[in-house]
file coords_4.csv (CSV, C-alpha atoms)
chain,number,residue,atom,x,y,z
D,4,MET,CA,-285.5,-183.8,-9.2
D,5,LEU,CA,-281.9,-182.8,-10.0
D,6,VAL,CA,-279.7,-181.6,-7.2
D,7,LEU,CA,-277.9,-178.3,-7.5
D,8,GLN,CA,-274.2,-178.6,-7.0
D,9,PRO,CA,-271.7,-176.0,-5.8
D,10,ARG,CA,-270.8,-173.4,-8.5
D,11,ARG,CA,-267.5,-173.4,-10.3
D,12,GLN,CA,-265.7,-170.4,-11.7
D,13,VAL,CA,-262.9,-169.9,-14.2
D,14,ARG,CA,-261.5,-166.7,-15.6
D,15,HIS,CA,-260.5,-166.4,-19.3
D,16,ALA,CA,-257.4,-164.3,-19.8
D,17,LEU,CA,-258.9,-162.6,-22.9
D,18,PRO,CA,-258.6,-158.8,-22.5
D,19,ASP,CA,-260.5,-158.1,-25.8
D,20,LEU,CA,-263.5,-160.0,-24.3
D,21,ASP,CA,-263.2,-158.1,-21.0
D,22,SER,CA,-261.5,-161.2,-19.4
D,23,PRO,CA,-264.8,-162.8,-18.5
D,24,VAL,CA,-265.4,-165.0,-15.5
D,25,GLU,CA,-267.3,-168.2,-16.6
D,26,VAL,CA,-269.8,-169.3,-13.9
D,27,VAL,CA,-270.9,-173.0,-14.1
D,28,GLU,CA,-273.9,-174.1,-12.0
D,29,PRO,CA,-274.1,-177.9,-12.3
D,30,TYR,CA,-277.0,-180.2,-11.6
D,31,ALA,CA,-276.5,-183.8,-10.6
D,32,CYS,CA,-278.7,-186.9,-10.6
D,33,PRO,CA,-279.8,-187.6,-7.0
D,34,VAL,CA,-279.3,-191.3,-7.5
D,35,CYS,CA,-275.9,-191.7,-9.1
D,36,GLY,CA,-274.5,-188.3,-8.4
D,37,CYS,CA,-273.5,-187.7,-12.1
D,38,GLU,CA,-273.8,-184.2,-13.5
D,39,THR,CA,-276.5,-184.3,-16.1
D,40,LYS,CA,-276.8,-180.6,-17.1
D,41,SER,CA,-275.4,-177.2,-16.1
D,42,ARG,CA,-276.3,-173.5,-16.5
D,43,ILE,CA,-273.4,-171.4,-17.7
D,44,TRP,CA,-273.1,-167.6,-17.9
D,45,LEU,CA,-270.3,-165.1,-18.3
D,46,VAL,CA,-269.5,-162.1,-16.1
D,47,PRO,CA,-267.2,-159.5,-17.8
D,48,THR,CA,-264.5,-158.1,-15.6
D,49,ASP,CA,-262.1,-155.6,-17.2
D,50,ARG,CA,-259.9,-155.2,-20.2
D,51,GLU,CA,-256.7,-155.1,-18.2
D,52,PRO,CA,-254.2,-157.9,-19.0
D,53,VAL,CA,-254.4,-160.9,-16.7
D,54,ARG,CA,-250.9,-162.1,-15.9
D,55,PRO,CA,-249.8,-165.2,-13.9
D,56,GLY,CA,-248.2,-164.4,-10.6
D,57,ARG,CA,-244.5,-165.1,-10.1
D,58,LEU,CA,-243.6,-168.3,-8.2
D,59,PRO,CA,-240.3,-169.5,-6.9
D,60,SER,CA,-240.4,-172.4,-9.4
D,61,ALA,CA,-242.2,-173.0,-12.7
D,62,PRO,CA,-244.9,-175.6,-11.9
D,63,GLU,CA,-246.4,-177.9,-14.4
D,64,VAL,CA,-249.5,-176.6,-16.1
D,65,GLU,CA,-252.6,-178.4,-17.2
D,66,ARG,CA,-253.8,-178.1,-20.8
D,67,ARG,CA,-257.4,-177.5,-21.3
D,68,THR,CA,-259.9,-176.1,-23.9
D,69,GLY,CA,-261.4,-172.8,-23.0
D,70,ASN,CA,-265.0,-172.2,-24.2
D,71,VAL,CA,-266.7,-168.8,-24.4
D,72,THR,CA,-270.4,-168.9,-25.6
D,73,ARG,CA,-273.0,-166.4,-26.4
D,74,PHE,CA,-276.7,-167.0,-27.2
D,75,ASP,CA,-279.3,-164.5,-28.1
D,76,GLY,CA,-282.4,-166.7,-28.2
D,77,ARG,CA,-282.3,-167.2,-32.0
D,78,SER,CA,-278.6,-168.1,-32.6
D,79,GLY,CA,-275.5,-168.9,-30.7
D,80,LEU,CA,-271.8,-168.6,-31.1
D,81,LEU,CA,-269.0,-170.7,-29.5
D,82,MET,CA,-265.4,-169.7,-29.3
D,83,HIS,CA,-263.0,-172.3,-28.1
D,84,TYR,CA,-259.3,-172.1,-27.8
D,85,PRO,CA,-256.4,-174.2,-26.4
D,86,ALA,CA,-255.4,-173.0,-23.0
D,87,VAL,CA,-253.1,-173.7,-20.0
D,88,VAL,CA,-253.9,-173.3,-16.3
D,89,ARG,CA,-251.9,-173.9,-13.2
D,90,PRO,CA,-253.2,-176.7,-11.0
D,91,GLY,CA,-255.4,-175.4,-8.3
D,92,GLU,CA,-255.9,-172.0,-10.0
D,93,ASP,CA,-258.8,-170.7,-12.0
D,94,VAL,CA,-257.4,-168.6,-14.8
D,95,LEU,CA,-257.2,-170.0,-18.3
D,96,PHE,CA,-254.4,-168.5,-20.4
D,97,PRO,CA,-254.7,-168.9,-24.2
D,98,ALA,CA,-252.0,-171.1,-25.8
D,99,HIS,CA,-252.8,-170.6,-29.5
D,100,GLU,CA,-255.5,-169.1,-31.7
D,101,GLY,CA,-259.1,-169.8,-31.0
D,102,PHE,CA,-261.9,-171.0,-33.3
D,103,LEU,CA,-265.3,-169.4,-33.7
D,104,GLY,CA,-268.3,-171.3,-34.9
D,105,GLY,CA,-272.0,-170.9,-35.0
D,106,GLY,CA,-273.2,-174.5,-35.6
D,107,HIS,CA,-273.8,-174.0,-39.4
D,108,ALA,CA,-273.6,-177.2,-41.4
D,109,ILE,CA,-272.6,-176.2,-44.9
D,110,ASP,CA,-273.3,-179.0,-47.5
D,111,LYS,CA,-273.5,-179.2,-51.3
D,112,HIS,CA,-276.5,-176.8,-51.3
D,113,GLY,CA,-274.6,-174.1,-49.4
D,114,ASP,CA,-276.4,-171.7,-47.0
D,115,PRO,CA,-277.6,-168.7,-49.1
D,116,ASP,CA,-279.4,-167.2,-46.1
D,117,LEU,CA,-276.1,-167.1,-44.2
D,118,MET,CA,-274.4,-165.6,-47.2
D,119,ALA,CA,-277.1,-162.8,-47.4
D,120,GLU,CA,-276.5,-162.2,-43.7
D,121,PHE,CA,-272.8,-161.7,-44.4
D,122,ALA,CA,-273.7,-159.3,-47.2
D,123,GLY,CA,-275.9,-157.3,-44.8
D,124,GLU,CA,-273.1,-157.2,-42.2
D,125,TYR,CA,-270.5,-156.1,-44.7
D,126,LEU,CA,-272.9,-153.3,-45.8
D,127,LYS,CA,-273.4,-152.3,-42.2
D,128,GLN,CA,-269.6,-152.2,-41.6
D,129,TYR,CA,-269.1,-150.2,-44.8
D,130,ARG,CA,-271.5,-147.5,-43.5
D,131,ALA,CA,-269.7,-147.5,-40.2
D,132,ILE,CA,-266.1,-147.0,-41.5
D,133,VAL,CA,-266.6,-145.0,-44.8
D,134,PRO,CA,-265.2,-141.5,-44.3
D,135,MET,CA,-268.1,-139.1,-43.7
D,136,ARG,CA,-268.7,-135.4,-43.9
D,137,GLY,CA,-265.9,-134.8,-46.4
D,138,LEU,CA,-263.6,-136.6,-48.7
D,139,PRO,CA,-261.1,-139.1,-47.2
D,140,ARG,CA,-257.7,-137.6,-46.2
D,141,ARG,CA,-256.0,-140.2,-48.3
D,142,LEU,CA,-257.0,-142.6,-51.0
D,143,SER,CA,-255.9,-145.5,-48.8
D,144,GLU,CA,-258.4,-144.4,-46.1
D,145,MET,CA,-261.3,-145.2,-48.5
D,146,MET,CA,-260.1,-148.6,-49.6
D,147,PRO,CA,-261.3,-150.8,-46.6
D,148,ALA,CA,-264.8,-149.4,-46.8
D,149,LEU,CA,-264.9,-149.8,-50.6
D,150,HIS,CA,-263.6,-153.4,-50.3
D,151,LEU,CA,-266.4,-154.3,-47.8
D,152,LEU,CA,-269.0,-152.7,-50.1
D,153,VAL,CA,-267.9,-154.6,-53.2
D,154,ASN,CA,-267.8,-157.8,-51.2
D,155,ALA,CA,-271.3,-157.1,-49.9
D,156,THR,CA,-272.5,-156.7,-53.4
D,157,GLU,CA,-271.0,-160.0,-54.6
D,158,LEU,CA,-272.3,-161.9,-51.6
D,159,ALA,CA,-275.8,-160.6,-52.0
D,160,LEU,CA,-275.9,-161.6,-55.7
D,161,LYS,CA,-274.4,-165.0,-55.0
D,162,ALA,CA,-276.9,-165.7,-52.2
D,163,ASP,CA,-279.7,-165.2,-54.6
D,164,LEU,CA,-278.1,-167.4,-57.3
D,165,ILE,CA,-277.2,-170.2,-54.8
D,166,ARG,CA,-280.8,-170.2,-53.5
D,167,SER,CA,-282.1,-170.6,-57.1
D,168,ASP,CA,-279.5,-173.4,-57.9
D,169,LYS,CA,-277.8,-171.2,-60.5
D,170,ASP,CA,-274.2,-170.8,-61.3
D,171,SER,CA,-272.6,-168.5,-58.8
D,172,GLY,CA,-269.0,-168.6,-60.0
D,173,GLY,CA,-266.8,-165.7,-60.8
D,174,HIS,CA,-266.5,-162.2,-59.4
D,175,SER,CA,-267.9,-160.0,-62.2
D,176,LEU,CA,-270.8,-158.2,-60.6
D,177,VAL,CA,-272.5,-157.5,-63.9
D,178,SER,CA,-272.3,-161.2,-64.9
D,179,LEU,CA,-273.7,-162.3,-61.6
D,180,TYR,CA,-276.5,-159.8,-61.8
D,181,GLY,CA,-277.4,-161.0,-65.3
D,182,ARG,CA,-277.8,-164.6,-64.0
D,183,LEU,CA,-280.6,-163.7,-61.5
D,184,GLU,CA,-284.1,-164.7,-62.2
D,185,ALA,CA,-285.8,-162.0,-64.4
D,186,ASP,CA,-288.5,-161.3,-61.7
D,187,HIS,CA,-285.8,-160.9,-59.1
D,188,ARG,CA,-284.0,-158.3,-61.2
D,189,ALA,CA,-287.2,-156.5,-61.8
D,190,GLU,CA,-288.0,-156.4,-58.0
D,191,ILE,CA,-284.5,-155.1,-57.3
D,192,GLU,CA,-284.7,-152.4,-60.0
D,193,ARG,CA,-288.2,-151.4,-58.7
D,194,ARG,CA,-286.8,-150.9,-55.2
D,195,PHE,CA,-283.6,-149.2,-56.4
D,196,ALA,CA,-285.6,-146.7,-58.5
D,197,VAL,CA,-287.4,-145.2,-55.5
D,198,MET,CA,-284.2,-144.9,-53.3
D,199,GLU,CA,-282.2,-141.8,-53.0
D,200,PRO,CA,-280.5,-140.4,-55.1
D,201,ASN,CA,-282.7,-142.0,-57.9
D,202,ALA,CA,-285.8,-140.4,-56.4
D,203,ASN,CA,-284.2,-137.0,-56.7
D,204,LEU,CA,-283.3,-137.5,-60.3
D,205,SER,CA,-286.9,-138.6,-61.1
D,206,ALA,CA,-288.2,-135.5,-59.4
D,207,LEU,CA,-286.0,-133.5,-61.6
D,208,GLY,CA,-287.2,-135.2,-64.7
D,209,CYS,CA,-283.8,-136.8,-65.4
D,210,GLU,CA,-283.1,-140.4,-66.3
D,211,ALA,CA,-281.7,-142.4,-63.3
D,212,PRO,CA,-279.2,-145.2,-63.6
D,213,ASN,CA,-280.2,-148.8,-63.2
D,214,VAL,CA,-278.5,-151.4,-61.1
D,215,GLU,CA,-276.6,-152.9,-64.0
D,216,SER,CA,-275.1,-149.6,-65.1
D,217,VAL,CA,-273.9,-148.9,-61.5
D,218,LEU,CA,-272.3,-152.4,-61.3
D,219,GLN,CA,-270.4,-151.7,-64.5
D,220,ALA,CA,-268.5,-149.0,-62.7
D,221,TYR,CA,-267.0,-151.6,-60.5
D,222,GLY,CA,-266.4,-154.3,-63.1
D,223,SER,CA,-263.0,-153.4,-64.4
D,224,GLY,CA,-260.3,-151.1,-63.2
D,225,PHE,CA,-257.4,-150.5,-65.5
D,226,GLY,CA,-257.5,-153.5,-67.8
D,227,TRP,CA,-256.5,-156.2,-65.4
D,228,SER,CA,-258.8,-156.5,-62.4
D,229,PRO,CA,-262.3,-155.7,-61.0
D,230,ALA,CA,-262.7,-153.3,-58.1
D,231,TYR,CA,-262.6,-156.1,-55.5
D,232,GLU,CA,-259.0,-156.7,-56.4
D,233,GLU,CA,-258.0,-153.1,-56.9
D,234,THR,CA,-259.0,-152.3,-53.4
D,235,ARG,CA,-256.2,-154.5,-52.3
D,236,TYR,CA,-253.6,-154.2,-55.1
D,237,PHE,CA,-254.1,-150.6,-56.1
D,238,ALA,CA,-250.4,-149.7,-55.9
D,239,GLU,CA,-248.9,-152.7,-57.8
D,240,PRO,CA,-246.4,-152.0,-60.6
D,241,THR,CA,-247.9,-151.0,-63.9
D,242,THR,CA,-246.2,-154.0,-65.5
D,243,ARG,CA,-249.1,-156.0,-64.0
D,244,ILE,CA,-251.5,-154.2,-66.3
D,245,ARG,CA,-252.4,-155.9,-69.5
D,246,ARG,CA,-252.5,-153.3,-72.2
D,247,GLN,CA,-252.5,-153.6,-76.0
D,248,ASP,CA,-249.8,-150.9,-76.4
D,249,GLY,CA,-247.3,-152.7,-74.1
D,250,LYS,CA,-246.6,-152.7,-70.4
D,251,GLY,CA,-244.9,-150.4,-68.0
D,252,GLY,CA,-244.9,-146.6,-67.9
D,253,ASN,CA,-246.7,-144.3,-65.5
D,254,LEU,CA,-250.4,-144.2,-64.8
D,255,VAL,CA,-252.5,-142.0,-62.5
D,256,LYS,CA,-255.1,-144.3,-61.2
D,257,SER,CA,-258.5,-143.6,-59.7
D,258,THR,CA,-261.2,-145.7,-58.0
D,259,PRO,CA,-265.0,-145.6,-57.9
D,260,TYR,CA,-266.5,-143.5,-55.2
D,261,PRO,CA,-269.8,-145.1,-54.0
D,262,ILE,CA,-272.9,-142.9,-54.4
D,263,PHE,CA,-275.5,-145.3,-55.8
D,264,LEU,CA,-274.0,-148.7,-55.0
D,265,PRO,CA,-274.9,-148.8,-51.3
D,266,HIS,CA,-278.5,-148.2,-52.3
D,267,ALA,CA,-278.3,-151.0,-54.9
D,268,VAL,CA,-277.0,-153.5,-52.3
D,269,ALA,CA,-279.8,-152.5,-49.9
D,270,ALA,CA,-282.3,-153.1,-52.8
D,271,MET,CA,-280.7,-156.5,-53.5
D,272,LEU,CA,-281.0,-157.6,-49.8
D,273,ALA,CA,-284.6,-156.4,-49.7
D,274,GLY,CA,-285.3,-158.3,-52.9
D,275,TYR,CA,-283.7,-161.4,-51.4
D,276,ALA,CA,-286.0,-161.2,-48.4
D,277,HIS,CA,-289.0,-160.6,-50.7
D,278,PHE,CA,-288.4,-163.8,-52.6
D,279,SER,CA,-287.6,-166.0,-49.6
D,280,GLY,CA,-289.6,-169.1,-49.3
D,281,ALA,CA,-291.3,-168.0,-46.1
D,282,ALA,CA,-292.3,-164.6,-47.5
D,283,ARG,CA,-293.8,-166.2,-50.7
D,284,LEU,CA,-295.7,-168.9,-48.8
D,285,LYS,CA,-297.1,-166.2,-46.5
D,286,ARG,CA,-298.3,-164.3,-49.6
D,287,LEU,CA,-300.1,-167.5,-50.6
D,288,GLY,CA,-301.9,-167.6,-47.3
D,289,GLY,CA,-299.5,-169.9,-45.4
D,290,THR,CA,-298.9,-169.9,-41.7
D,291,VAL,CA,-295.1,-170.0,-41.4
D,292,ALA,CA,-292.7,-168.5,-38.9
D,293,TYR,CA,-289.1,-168.9,-37.7
D,294,GLY,CA,-288.6,-171.0,-34.6
D,295,SER,CA,-292.3,-172.1,-34.4
D,296,ARG,CA,-292.1,-175.8,-35.2
D,297,ASP,CA,-293.7,-178.2,-32.8
D,298,ARG,CA,-291.4,-179.9,-30.3
D,299,GLY,CA,-290.2,-183.4,-31.0
D,300,ASN,CA,-287.1,-185.3,-31.9
D,301,ASP,CA,-288.5,-186.1,-35.4
D,302,ASN,CA,-289.3,-182.5,-36.3
D,303,HIS,CA,-286.3,-180.7,-37.9
D,304,GLY,CA,-285.6,-177.3,-39.3
D,305,ASP,CA,-285.5,-173.7,-38.2
D,306,TRP,CA,-288.9,-172.8,-39.6
D,307,GLY,CA,-292.4,-174.0,-38.8
D,308,LEU,CA,-295.2,-174.4,-41.4
D,309,VAL,CA,-298.8,-175.4,-40.8
D,310,PRO,CA,-299.6,-177.5,-44.0
D,311,ALA,CA,-303.3,-177.0,-43.7
D,312,SER,CA,-302.9,-173.2,-44.1
D,313,LEU,CA,-301.9,-174.0,-47.7
D,314,GLY,CA,-304.4,-176.8,-48.2
D,315,LEU,CA,-301.6,-179.4,-47.8
D,316,LEU,CA,-301.2,-182.7,-46.1
D,317,VAL,CA,-297.7,-184.0,-45.4
D,318,ILE,CA,-296.8,-187.6,-44.8
D,319,ARG,CA,-293.6,-188.2,-42.8
D,320,VAL,CA,-292.0,-191.6,-43.2
D,321,GLY,CA,-289.3,-192.5,-40.7
D,322,GLN,CA,-285.7,-193.4,-41.8
D,323,LEU,CA,-285.9,-197.0,-40.8
D,324,VAL,CA,-289.3,-197.4,-42.5
D,325,ALA,CA,-288.2,-195.8,-45.8
D,326,THR,CA,-284.7,-197.3,-46.1
D,327,ASP,CA,-282.7,-200.4,-45.1
D,328,LYS,CA,-279.3,-200.4,-43.4
D,329,SER,CA,-277.5,-199.9,-46.7
D,330,GLY,CA,-279.6,-196.8,-47.5
D,331,ALA,CA,-281.6,-198.4,-50.2
D,332,GLU,CA,-285.4,-197.7,-50.3
D,333,ARG,CA,-287.5,-200.4,-48.9
D,334,THR,CA,-290.2,-202.0,-51.1
D,335,VAL,CA,-293.1,-200.8,-48.9
D,336,PHE,CA,-291.9,-197.1,-49.2
D,337,ARG,CA,-291.1,-197.3,-52.9
D,338,ARG,CA,-294.5,-198.9,-53.6
D,339,PHE,CA,-296.3,-196.2,-51.6
D,340,VAL,CA,-294.6,-193.4,-53.5
D,341,GLU,CA,-295.3,-195.1,-56.9
D,342,GLU,CA,-299.0,-195.4,-56.0
D,343,HIS,CA,-299.2,-191.9,-54.3
D,344,PRO,CA,-296.7,-189.7,-56.1
D,345,PRO,CA,-296.2,-186.5,-54.0
D,346,GLY,CA,-296.2,-183.0,-55.4
D,347,TYR,CA,-293.1,-182.3,-53.5
D,348,ARG,CA,-290.8,-184.4,-51.4
D,349,THR,CA,-287.7,-183.9,-49.3
D,350,GLU,CA,-285.3,-185.9,-47.2
D,351,TRP,CA,-282.4,-183.4,-46.9
D,352,MET,CA,-281.3,-182.8,-43.3
D,353,TYR,CA,-284.4,-184.3,-41.7
D,354,GLY,CA,-282.7,-187.1,-39.7
D,355,GLY,CA,-283.3,-189.6,-42.5
D,356,ASN,CA,-287.0,-188.9,-42.5
D,357,ARG,CA,-288.9,-188.5,-45.8
D,358,LEU,CA,-291.5,-185.8,-46.1
D,359,LEU,CA,-294.1,-186.2,-48.8
D,360,PHE,CA,-296.4,-183.3,-49.7
D,361,TYR,CA,-299.9,-183.7,-51.1
D,362,ARG,CA,-303.0,-181.6,-51.6
D,363,ALA,CA,-305.4,-182.4,-48.6
D,364,ALA,CA,-308.6,-184.0,-49.6
D,365,GLY,CA,-311.5,-185.5,-47.6
D,366,ALA,CA,-312.3,-184.7,-44.0
D,367,SER,CA,-310.0,-182.5,-41.9
D,368,ALA,CA,-306.8,-184.3,-41.2
D,369,VAL,CA,-305.8,-185.1,-37.7
D,370,ASP,CA,-302.1,-185.1,-37.0
D,371,GLU,CA,-301.3,-188.6,-35.8
D,372,GLU,CA,-299.2,-191.6,-36.2
D,373,THR,CA,-300.8,-194.1,-38.5
D,374,GLU,CA,-300.2,-196.9,-41.0
D,375,ILE,CA,-301.1,-196.8,-44.6
D,376,ASP,CA,-300.8,-199.8,-46.9
D,377,GLY,CA,-298.6,-201.5,-44.3
D,378,MET,CA,-296.3,-198.5,-44.0
D,379,PRO,CA,-296.0,-196.8,-40.6
D,380,CYS,CA,-296.0,-193.0,-41.0
D,381,ARG,CA,-297.2,-189.7,-39.4
D,382,ALA,CA,-299.6,-187.2,-40.9
D,383,TRP,CA,-299.0,-183.5,-40.6
D,384,SER,CA,-301.8,-181.0,-41.2
D,385,GLU,CA,-302.8,-178.7,-38.4
D,386,GLY,CA,-299.5,-179.1,-36.5
D,387,CYS,CA,-296.4,-176.9,-37.2
D,388,LEU,CA,-294.1,-179.0,-39.3
D,389,GLY,CA,-290.4,-178.1,-39.1
D,390,LEU,CA,-288.7,-177.2,-42.4
D,391,HIS,CA,-285.5,-175.8,-43.6
D,392,ALA,CA,-285.4,-172.5,-45.6
D,393,ARG,CA,-284.3,-174.3,-48.8
D,394,ASP,CA,-287.4,-176.5,-48.7
D,395,LEU,CA,-289.7,-173.5,-48.1
D,396,TYR,CA,-288.2,-171.9,-51.2
D,397,ARG,CA,-288.7,-175.1,-53.3
D,398,LEU,CA,-292.2,-175.6,-52.0
D,399,ALA,CA,-293.1,-172.0,-53.0
D,400,ASP,CA,-291.7,-172.8,-56.5
D,401,VAL,CA,-294.1,-175.7,-56.8
D,402,LEU,CA,-297.2,-173.8,-55.5
D,403,GLU,CA,-296.5,-170.6,-57.5
D,404,ALA,CA,-296.1,-172.6,-60.7
D,405,GLU,CA,-299.6,-174.0,-60.0
D,406,GLN,CA,-298.3,-177.5,-60.7
D,407,ALA,CA,-300.9,-180.2,-60.2
D,408,ILE,CA,-300.2,-181.5,-56.7
D,409,PRO,CA,-301.8,-184.9,-56.2
D,410,ALA,CA,-304.6,-185.1,-53.6
D,411,PHE,CA,-304.4,-187.5,-50.7
D,412,GLU,CA,-307.7,-188.7,-49.3
D,413,TRP,CA,-307.8,-188.4,-45.5
D,414,PRO,CA,-308.5,-190.4,-43.5
D,415,PRO,CA,-307.0,-193.1,-45.8
D,416,SER,CA,-309.3,-195.9,-46.8
D,417,ALA,CA,-308.8,-199.2,-45.0

call {"tool": "encode", "arguments": {"input": "coords_4.csv", "output": "C-alpha cells"}}
result
Amino acid sequence: MLVLQPRRQVRHALPDLDSPVEVVEPYACPVCGCETKSRIWLVPTDREPVRPGRLPSAPEVERRTGNVTRFDGRSGLLMHYPAVVRPGEDVLFPAHEGFLGGGHAIDKHGDPDLMAEFAGEYLKQYRAIVPMRGLPRRLSEMMPALHLLVNATELALKADLIRSDKDSGGHSLVSLYGRLEADHRAEIERRFAVMEPNANLSALGCEAPNVESVLQAYGSGFGWSPAYEETRYFAEPTTRIRRQDGKGGNLVKSTPYPIFLPHAVAAMLAGYAHFSGAARLKRLGGTVAYGSRDRGNDNHGDWGLVPASLGLLVIRVGQLVATDKSGAERTVFRRFVEEHPPGYRTEWMYGGNRLLFYRAAGASAVDEETEIDGMPCRAWSEGCLGLHARDLYRLADVLEAEQAIPAFEWPPSA
C-alpha cells in the first residue's frame, strides 16, 4: 500500500484565476520511497495582485513551470506557464504567456466534434454579448457579437463537411452550405422551419425564408468581402472596394442585423448531433455511449459500442501481430484479411491495433483472446469496444447503406 507523504503547497500569482493555491498530496512507494502518484487540487484565494516582498538584496530566483489544471469528469484542461520563484518561498510569478491545452490530437482527419463544440460556444457567447432590449448605442457595439455569430455559422458548416470527408475550404457560407449532404440540409431546413420567427410566419400564412436565403445576407458586403471580414474591417477606406465604376468616393455602409441566423445556426448544430455516428447507430438498435468502453490498455476511444447489439463481431489484431517493425503487414494478417474480408476495418488511433468488423454468425460469441488460422487475436461481441467518433460515423455509413457485411462463424472452426 502506498504511503501518504506531507502535503506541498504553492500559490500561483494569477489574479484573473483568483491566485489559486495548488495543494499536492503525494503518495510514495513504501519500499523505495519514490513518489508514484499524487492528488492535486486548487483552492481559490482572491483576485488581489500578489506581489513579492521587498528584500535588502535581490536573490537569485528559480525558474519553474507552473501548471493549473481543471477536470470535470468528461474532459480536462491544463494551463502551463513559465514562472519564477524565490528559493524557499511558495509563490510562482509568471515570466511569460501561458499555454492552454485540452489533450486534443488533431491529425489529417481533423476533429469535427471539437469544431462543432467551438461553434456552439461562439453561438452562446453571441447571445451573451449581443445588445438586447433595444438597438445598439453604436454600430461598433454590434460588431463583436456579429463576428462571433458568423464564425459560429462557418464552424458549424465546416464541422459537418469535415466529418463527411468533403471540401471545407473557403469562407462563403452559401457555398459551404451547398456542399452538405442533401439529407443533412433537409434535416437542418426541417428544424429551422419550426423555429421562431419562421413558425410565426407560417401561422400567418406567409412564406418563410430558408437557411440558404438567410446565409446569402451574410455572403457579400459591398463588393469586396463577406460579413466575417466586414465585422473587422468595416471602416476601411473605400479605395479597398472593388467596383466596376471605379474606386473611391463616399459610401454609407450598413451591416446585417441577425434575426433568423441565430436560429439557423442552432438548427445546424442540432442537425450535426442528429447525424452523429452514435445517434445513427442508436437508431439502428446499437448500444453505444460516451465514456462506456471496457477498461484495458488495448481498448481505445472516447465511445463504447457493444458490437452484438448491432449483430456484429469485431476481431482485434494487435500491432505486433498485424505488422512487422517496418510497419509492413505480416503475411499471417494479410492472408487472414484476404480470406475473411471485413465489412469495415480501422486502425486509426488504436495503438497500432487493427479492428475488423463482421456480421456475427453461429453461436453467441464469447469475448476472449484466441487464435485463428495461426493469428493471435481477440473477439469482441458482448463487451463494450472502445471507438472514436469518426469510426462510429463510418460504421453507420456502412450499416445504413445496407452493404453486404461478410459473416464470421463463431466459434471459428479448428

call {"tool": "atom_distance", "arguments": {"input": "coords_4.csv", "atom1": "atom CA of Ala108 of chain D", "atom2": "atom CA of Trp306 of chain D"}}
result
16.0 Å

call {"tool": "closest_residue", "arguments": {"input": "coords_4.csv", "among": "D:Val26, D:Ile191, D:Leu316, D:Leu183", "to": "Asp168 of chain D", "atoms": "all atoms listed in the file"}}
result
D:Leu183

call {"tool": "atom_distance", "arguments": {"input": "coords_4.csv", "atom1": "atom CA of Val217 of chain D", "atom2": "atom CA of Gly173 of chain D"}}
result
18.3 Å

call {"tool": "closest_atom_pairs", "arguments": {"input": "coords_4.csv", "of": "segment 45-136 of chain D", "to": "segment 141-161 of chain D", "cutoff": "12 Å", "atoms": "all atoms listed in the file", "output": "JSON lines"}}
result
{"residue": "D:Gly113", "atom": "CA", "partner": "D:Lys161", "partner_atom": "CA", "distance": 10.7}
{"residue": "D:Asp114", "atom": "CA", "partner": "D:Lys161", "partner_atom": "CA", "distance": 10.6}
{"residue": "D:Pro115", "atom": "CA", "partner": "D:Lys161", "partner_atom": "CA", "distance": 7.7}
{"residue": "D:Asp116", "atom": "CA", "partner": "D:Ala159", "partner_atom": "CA", "distance": 9.6}
{"residue": "D:Leu117", "atom": "CA", "partner": "D:Leu158", "partner_atom": "CA", "distance": 9.8}
{"residue": "D:Met118", "atom": "CA", "partner": "D:Leu158", "partner_atom": "CA", "distance": 6.1}
{"residue": "D:Ala119", "atom": "CA", "partner": "D:Ala159", "partner_atom": "CA", "distance": 5.3}
{"residue": "D:Glu120", "atom": "CA", "partner": "D:Ala159", "partner_atom": "CA", "distance": 8.5}
{"residue": "D:Phe121", "atom": "CA", "partner": "D:Leu158", "partner_atom": "CA", "distance": 7.2}
{"residue": "D:Ala122", "atom": "CA", "partner": "D:Ala155", "partner_atom": "CA", "distance": 4.2}
{"residue": "D:Gly123", "atom": "CA", "partner": "D:Ala155", "partner_atom": "CA", "distance": 6.9}
{"residue": "D:Glu124", "atom": "CA", "partner": "D:Ala155", "partner_atom": "CA", "distance": 7.9}
{"residue": "D:Tyr125", "atom": "CA", "partner": "D:Ala155", "partner_atom": "CA", "distance": 5.4}
{"residue": "D:Leu126", "atom": "CA", "partner": "D:Ala155", "partner_atom": "CA", "distance": 5.8}
{"residue": "D:Lys127", "atom": "CA", "partner": "D:Leu152", "partner_atom": "CA", "distance": 9.1}
{"residue": "D:Gln128", "atom": "CA", "partner": "D:Leu151", "partner_atom": "CA", "distance": 7.3}
{"residue": "D:Tyr129", "atom": "CA", "partner": "D:Ala148", "partner_atom": "CA", "distance": 4.8}
{"residue": "D:Arg130", "atom": "CA", "partner": "D:Ala148", "partner_atom": "CA", "distance": 7.7}
{"residue": "D:Ala131", "atom": "CA", "partner": "D:Ala148", "partner_atom": "CA", "distance": 8.4}
{"residue": "D:Ile132", "atom": "CA", "partner": "D:Ala148", "partner_atom": "CA", "distance": 6.0}
{"residue": "D:Val133", "atom": "CA", "partner": "D:Ala148", "partner_atom": "CA", "distance": 5.2}
{"residue": "D:Pro134", "atom": "CA", "partner": "D:Met145", "partner_atom": "CA", "distance": 6.8}
{"residue": "D:Met135", "atom": "CA", "partner": "D:Met145", "partner_atom": "CA", "distance": 10.3}

call {"tool": "residues_around", "arguments": {"input": "coords_4.csv", "residues": "Leu313 of chain D", "least_positions_apart": "5", "cutoff": "9 Å", "atoms": "all atoms listed in the file", "output": "MDAnalysis selection string"}}
result
chainID D and resid 284 287:290 362

call {"tool": "write_last_selection", "arguments": {"input": "coords_4.csv", "atoms": "C-alpha atoms", "output": "PDB file, in the coordinates of the input"}}
result
ATOM      1  CA  LEU D 284    -295.700-168.900 -48.800  1.00  0.00           C
ATOM      2  CA  LEU D 287    -300.100-167.500 -50.600  1.00  0.00           C
ATOM      3  CA  GLY D 288    -301.900-167.600 -47.300  1.00  0.00           C
ATOM      4  CA  GLY D 289    -299.500-169.900 -45.400  1.00  0.00           C
ATOM      5  CA  THR D 290    -298.900-169.900 -41.700  1.00  0.00           C
ATOM      6  CA  ARG D 362    -303.000-181.600 -51.600  1.00  0.00           C
TER       7      ARG D 362
END
